[in-house]
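Text of the file coords.cif, holding mmCIF, C-alpha atoms:
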data_target
#
loop_
_atom_site.label_atom_id
_atom_site.label_comp_id
_atom_site.auth_asym_id
_atom_site.auth_seq_id
_atom_site.Cartn_x
_atom_site.Cartn_y
_atom_site.Cartn_z
CA MET A 1 4.81 -5.02 -5.34
CA ASP A 2 2.44 -7.87 -6.12
CA TRP A 3 0.34 -6.67 -9.07
CA MET A 4 -2.41 -9.19 -8.37
CA ILE A 5 -2.93 -7.63 -4.94
CA ILE A 6 -2.64 -4.14 -6.44
CA ASN A 7 -5.42 -4.97 -8.91
CA GLN A 8 -7.58 -6.24 -6.04
CA LEU A 9 -6.92 -2.98 -4.19
CA LYS A 10 -7.85 -0.96 -7.29
CA ALA A 11 -11.15 -2.84 -7.47
CA GLU A 12 -11.72 -2.30 -3.73
CA VAL A 13 -11.23 1.48 -3.72
CA SER A 14 -13.06 1.89 -7.05
CA SER A 15 -16.04 0.11 -5.52
CA GLU A 16 -15.81 2.29 -2.41
CA LEU A 17 -15.78 5.44 -4.55
CA LYS A 18 -18.17 4.29 -7.31
CA GLU A 19 -20.67 7.10 -6.65
CA PHE A 20 -17.93 9.66 -7.37
CA ILE A 21 -16.46 8.03 -10.50
CA PRO A 22 -18.08 9.29 -13.74
CA GLN A 23 -19.33 6.57 -16.07
CA GLY A 24 -16.60 5.48 -18.48
CA TYR A 25 -14.02 7.57 -16.65
CA PHE A 26 -11.22 4.98 -16.76
CA GLU A 27 -12.01 4.01 -20.36
CA GLN A 28 -10.85 7.38 -21.68
CA ASP A 29 -8.22 7.31 -24.42
CA LEU A 30 -5.67 10.04 -23.73
CA GLU A 31 -3.60 10.83 -26.80
CA THR A 32 -0.99 12.67 -24.72
CA PHE A 33 -0.05 9.50 -22.83
CA LYS A 34 0.32 7.13 -25.77
CA PHE A 35 3.74 5.47 -26.00
CA ASN A 36 5.52 4.65 -29.24
CA LYS A 37 4.18 1.39 -30.72
CA TYR A 38 7.73 0.15 -31.18
CA LEU A 39 8.32 0.40 -27.41
CA ASP A 40 4.78 -0.59 -26.42
CA PRO A 41 3.44 -2.87 -29.19
CA ASP A 42 0.50 -4.30 -27.22
CA GLY A 43 -0.41 -0.93 -25.68
CA PHE A 44 -0.33 -2.34 -22.15
CA LEU A 45 2.03 0.30 -20.74
CA THR A 46 0.03 3.06 -22.44
CA LYS A 47 -3.14 1.83 -20.73
CA GLN A 48 -1.29 1.60 -17.41
CA LYS A 49 0.07 5.13 -17.79
CA GLN A 50 -3.38 6.49 -18.68
CA TRP A 51 -5.14 4.68 -15.84
CA GLY A 52 -2.51 5.94 -13.40
CA TYR A 53 -2.92 9.53 -14.52
CA LEU A 54 -6.73 9.36 -14.33
CA ALA A 55 -6.66 7.63 -10.92
CA ALA A 56 -4.21 10.16 -9.46
CA SER A 57 -6.22 13.09 -10.84
CA LEU A 58 -9.52 11.80 -9.47
CA GLY A 59 -8.01 10.78 -6.13
CA ASN A 60 -6.49 14.22 -5.67
CA GLU A 61 -9.72 15.95 -6.72
CA LEU A 62 -11.75 13.96 -4.20
CA LEU A 63 -9.22 14.64 -1.45
CA GLN A 64 -9.35 18.37 -2.11
CA SER A 65 -13.14 18.51 -2.42
CA ASN A 66 -15.46 19.56 0.39
CA LYS A 67 -18.11 16.96 -0.31
CA GLU A 68 -19.90 16.59 3.01
CA ILE A 69 -21.43 13.32 1.88
CA MET A 70 -18.00 11.66 1.74
CA THR A 71 -17.25 9.41 4.69
CA ALA A 72 -13.86 9.17 6.41
CA LYS A 73 -13.44 5.76 4.76
CA GLN A 74 -14.06 7.27 1.33
CA LYS A 75 -11.54 10.05 2.00
CA CYS A 76 -8.97 7.39 2.86
CA ALA A 77 -9.92 5.46 -0.28
CA SER A 78 -9.36 8.65 -2.30
CA GLN A 79 -5.84 8.92 -0.94
CA VAL A 80 -5.16 5.27 -1.76
CA LEU A 81 -6.45 5.88 -5.31
CA LEU A 82 -4.16 8.91 -5.65
CA PHE A 83 -1.02 6.98 -4.75
CA ILE A 84 -1.93 3.85 -6.71
CA GLY A 85 -2.33 6.14 -9.70
CA LEU A 86 1.01 7.86 -9.16
CA TYR A 87 2.73 4.50 -8.65
CA GLU A 88 1.21 2.89 -11.78
CA SER A 89 1.88 5.90 -13.97
CA THR A 90 5.49 6.14 -12.82
CA TYR A 91 6.00 2.37 -13.15
CA ALA A 92 4.83 2.49 -16.78
CA GLY A 93 7.17 5.42 -17.44
CA LYS A 94 10.05 3.48 -15.87
CA LYS A 95 9.43 0.42 -18.08
CA ILE A 96 9.41 2.59 -21.22
CA THR A 97 12.59 4.35 -20.07
CA GLU A 98 14.26 0.95 -19.55
CA LYS A 99 13.34 -0.01 -23.11
CA ASN A 100 14.75 3.29 -24.38
CA HIS A 101 17.95 2.66 -22.44
CA LEU A 102 18.31 -0.82 -23.93
CA LEU A 103 17.75 0.58 -27.42
CA ALA A 104 20.33 3.33 -26.85
CA CYS A 105 22.89 0.77 -25.66
CA GLU A 106 22.26 -1.45 -28.70
CA LYS A 107 22.87 1.52 -31.03
CA ASN A 108 25.88 2.73 -29.00
CA LEU A 109 24.34 6.15 -28.49
CA ILE A 110 26.54 8.37 -26.32
CA GLY A 111 25.49 11.26 -24.12
CA ASN A 112 21.81 10.30 -23.72
CA ASN A 113 20.12 11.21 -20.44
CA VAL A 114 18.11 7.98 -20.12
CA PRO A 115 20.07 6.69 -17.06
CA ILE A 116 19.33 9.92 -15.20
CA VAL A 117 15.61 9.73 -16.01
CA LEU A 118 15.59 6.07 -15.00
CA GLU A 119 17.06 6.90 -11.58
CA GLU A 120 14.45 9.61 -11.09
CA HIS A 121 11.70 7.09 -11.84
CA LYS A 122 13.15 4.66 -9.31
CA LEU A 123 13.30 7.34 -6.61
CA HIS A 124 9.71 8.41 -7.27
CA LEU A 125 8.54 4.79 -7.19
CA LYS A 126 10.02 4.34 -3.71
CA GLU A 127 8.32 7.52 -2.49
CA TYR A 128 4.94 6.56 -3.97
CA GLU A 129 5.16 3.02 -2.66
CA LYS A 130 5.85 4.33 0.83
CA SER A 131 2.94 6.79 0.60
CA LEU A 132 0.65 4.10 -0.79
CA LYS A 133 1.41 1.81 2.14
CA LYS A 134 0.75 4.59 4.66
CA SER A 135 -2.56 5.53 3.06
CA LEU A 136 -3.57 1.87 2.75
CA ASN A 137 -2.85 1.37 6.45
CA GLN A 138 -5.24 4.24 7.23
CA TYR A 139 -7.89 2.85 4.90
CA LEU A 140 -7.71 -0.63 6.44
CA LEU A 141 -8.75 0.85 9.80
CA TYR A 142 -12.24 1.11 8.28
CA VAL A 143 -12.21 -2.36 6.69
CA ASP A 144 -13.31 -5.63 8.28
CA SER A 145 -10.26 -7.33 9.83
CA ASP A 146 -10.68 -10.57 7.84
CA LYS A 147 -11.07 -8.64 4.58
CA SER A 148 -8.14 -6.35 5.31
CA LYS A 149 -5.75 -9.32 5.65
CA ALA A 150 -6.10 -9.90 1.91
CA PHE A 151 -4.01 -6.74 1.37
CA TYR A 152 -1.27 -7.58 3.88
CA PRO A 153 1.01 -9.04 1.14
CA ILE A 154 1.57 -5.45 -0.05
CA PHE A 155 3.39 -4.78 3.22
CA THR A 156 6.82 -6.08 4.18
CA GLU A 157 7.34 -7.76 7.55
CA ARG A 158 8.79 -4.47 8.84
CA ASP A 159 5.75 -2.55 7.56
CA LEU A 160 3.34 -4.86 9.38
CA ILE A 161 5.23 -4.34 12.65
CA ASP A 162 5.61 -0.56 12.19
CA PHE A 163 1.91 -0.16 11.41
CA GLY A 164 0.93 -2.27 14.41
CA LEU A 165 -0.59 -4.97 12.22
CA LYS A 166 1.78 -7.60 13.57
CA GLN A 167 3.93 -8.05 16.66
CA SER A 168 7.68 -8.40 16.37
CA LEU A 169 9.30 -11.62 17.62
CA LYS A 170 10.94 -9.61 20.42
CA ASN A 171 7.58 -8.27 21.61
CA LYS A 172 6.03 -11.72 21.42
CA ILE A 173 8.79 -13.13 23.64
CA LEU A 174 8.46 -10.24 26.12
CA LEU A 175 4.68 -10.68 26.31
CA SER A 176 5.12 -14.41 26.83
CA ILE A 177 7.63 -13.80 29.64
CA GLN A 178 5.33 -11.22 31.26
CA LYS A 179 2.40 -13.61 31.04
CA ASN A 180 4.42 -16.43 32.63
CA LEU A 181 5.74 -14.14 35.38
CA THR A 182 2.21 -12.96 36.13
CA THR A 183 1.02 -16.57 36.41
CA ILE A 184 3.91 -17.44 38.75
CA VAL A 185 3.35 -14.38 40.96
CA VAL A 186 -0.37 -15.07 41.21
CA SER A 187 0.33 -18.70 42.11
CA VAL A 188 2.82 -17.70 44.82
CA ILE A 189 0.48 -15.09 46.31
CA THR A 190 -2.39 -17.59 46.31
CA SER A 191 -0.25 -20.20 48.07
CA VAL A 192 0.97 -17.74 50.72
CA CYS A 193 -2.57 -16.52 51.38
CA SER A 194 -3.81 -20.09 51.70
CA VAL A 195 -1.11 -21.00 54.22
CA TYR A 196 -1.77 -17.79 56.20
CA ALA A 197 -5.49 -18.48 56.28
CA LEU A 198 -4.98 -22.05 57.46
CA THR A 199 -2.57 -20.87 60.17
CA ILE A 200 -5.10 -18.37 61.50
CA LEU A 201 -7.76 -21.05 61.61
CA GLY A 202 -5.39 -23.23 63.57
CA ILE A 203 -5.50 -25.91 60.92
CA LYS A 204 -1.81 -25.55 60.17
CA SER A 205 0.83 -24.86 62.81
#

Go ahead and express the file in the form of structure tokens.
Amino acid sequence: MDWMIINQLKAEVSSELKEFIPQGYFEQDLETFKFNKYLDPDGFLTKQKQWGYLAASLGNELLQSNKEIMTAKQKCASQVLLFIGLYESTYAGKKITEKNHLLACEKNLIGNNVPIVLEEHKLHLKEYEKSLKKSLNQYLLYVDSDKSKAFYPIFTERDLIDFGLKQSLKNKILLSIQKNLTTIVVSVITSVCSVYALTILGIKS
């Protein structure tokens, strides 16, 4: 997925849920989720893993809460936050696993389970991406149509059609044919009625 759009979406839902996000919440430094400096020298993947965990935790907490002051839009935003968090956290784990796999191959290590873990990450990423798209589609129902189009690049062409955000070429052609047929039928009926009226009036024999 396009990370620039994902970052815009993170900002969007964070803004929507700002009253429920504790101050400094995403700036927490979680020792448990720190990757080895050799595999993550700049700490970027560690930050991504931590943000993902925090986002998923908060999103799930807000979804499960019975806060009456939460709007339907905010509930949808909570679900989006949950799946963005799960996706980011898993993506960071996948990148670290790929680095581990490369290191194992370079050292000719046999019998490691890295390929299995890597496949699990890939499967989870597909599931979370699918869930993220579904929850985003629900959230966009509450967003201004012009603003919501900014997030369309997250969807594939098939997604846009399945979610009713775009018509398929087949449907466009069918609608065009129906429109043309309607115009023709109306024209024919109008002509017949005109001739009939003129005949009654004795203007046309």

Inset, instruction - Could you tell me which residues the PyMOL selection byres ((chain A and resi 2) around 12) returns for this structure, as an MDAnalysis selection string? - result: chainID A and resid 1 3:9 129 150:156

Legend entry - Residue IDs satisfying the PyMOL selection byres ((chain A and resi 53) around 9), as a PyMOL selection string: chain A and resi 33+48-52+54-58+82+85-86+88-89

Legend entry - Distance criterion (all atoms listed in the file): nearest to Lys126 (chain A) out of A:Thr90, A:Thr32, A:Asn66, A:Glu98: A:Thr90

Inset, instruction - Using CA of Tyr87 (chain A) and CA of Met70 (chain A) as the two end points, give the distance in Å to one decimal. - result: 24.3 Å

Inset, instruction - Work out how far CA of Gln79 (chain A) is from CA of Lys134 (chain A), in Å to one decimal. - result: 9.7 Å

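Coordinates place CA of Lys94 (chain A) at a distance of 8.9 Å from CA of Glu120 (chain A).
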
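Among the candidates A:Phe20, A:Leu160, A:Tyr128, A:Val13, the residue lying nearest to Ile69 (chain A) is A:Phe20 (atoms considered: all atoms listed in the file).
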
Inset, instruction - Pick out the closest residue to Pro41 (chain A) from this set: A:Lys133, A:Lys10, A:Lys18, A:Lys99. Count all atoms listed in the file. - result: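 Under the stated criterion, the closest residue is A:Lys99.
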
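Protein, DNA and RNA residues at most 10 Å from (-14.1, -2.2, 4.1), with only C-alpha atoms, are these: A:Glu12, A:Val13, A:Glu16, A:Lys73, A:Gln74, A:Ala77, A:Tyr139, A:Leu140, A:Leu141, A:Tyr142, A:Val143, A:Asp144, A:Ser145, A:Asp146, A:Lys147, A:Ser148.
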
Output, as AutoDock Vina command-line options, the centre and edge lengths in Å (one decimal) of the axis-aligned box that contains all listed atoms of region 70-76 of chain A with 3 Å of margin on each side.
--center_x -13.5 --center_y 8.7 --center_z 3.9 --size_x 15.0 --size_y 11.9 --size_z 11.1

Inset, instruction - Counting only C-alpha atoms, figure out which residue out of A:Ala72, A:Asn137, A:Glu27, A:Val114 gets nearest to Ile161 (chain A). - result: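 Between A:Ala72, A:Asn137, A:Glu27, A:Val114, the residue approaching Ile161 (chain A) most closely is A:Asn137.
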
List the residues selected by the PyMOL selection byres ((chain A and resi 39) around 12) in the file shown, writing them as a JSON list (two decimals) with C-alpha atoms, keeping the file's coordinate frame.
[["chain", "number", "residue", "atom", "x", "y", "z"],
["A", 34, "LYS", "CA", 0.32, 7.13, -25.77],
["A", 35, "PHE", "CA", 3.74, 5.47, -26.00],
["A", 36, "ASN", "CA", 5.52, 4.65, -29.24],
["A", 37, "LYS", "CA", 4.18, 1.39, -30.72],
["A", 38, "TYR", "CA", 7.73, 0.15, -31.18],
["A", 40, "ASP", "CA", 4.78, -0.59, -26.42],
["A", 41, "PRO", "CA", 3.44, -2.87, -29.19],
["A", 42, "ASP", "CA", 0.50, -4.30, -27.22],
["A", 43, "GLY", "CA", -0.41, -0.93, -25.68],
["A", 44, "PHE", "CA", -0.33, -2.34, -22.15],
["A", 45, "LEU", "CA", 2.03, 0.30, -20.74],
["A", 46, "THR", "CA", 0.03, 3.06, -22.44],
["A", 92, "ALA", "CA", 4.83, 2.49, -16.78],
["A", 93, "GLY", "CA", 7.17, 5.42, -17.44],
["A", 95, "LYS", "CA", 9.43, 0.42, -18.08],
["A", 96, "ILE", "CA", 9.41, 2.59, -21.22],
["A", 97, "THR", "CA", 12.59, 4.35, -20.07],
["A", 98, "GLU", "CA", 14.26, 0.95, -19.55],
["A", 99, "LYS", "CA", 13.34, -0.01, -23.11],
["A", 100, "ASN", "CA", 14.75, 3.29, -24.38],
["A", 101, "HIS", "CA", 17.95, 2.66, -22.44],
["A", 102, "LEU", "CA", 18.31, -0.82, -23.93],
["A", 103, "LEU", "CA", 17.75, 0.58, -27.42]]

Legend entry - Top pick for closest residue to Ser135 (chain A), considering A:Leu123, A:Glu106, A:Arg158, A:Lys75 and counting only C-alpha atoms: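 With only C-alpha atoms as the atom set, the closest residue is A:Lys75.
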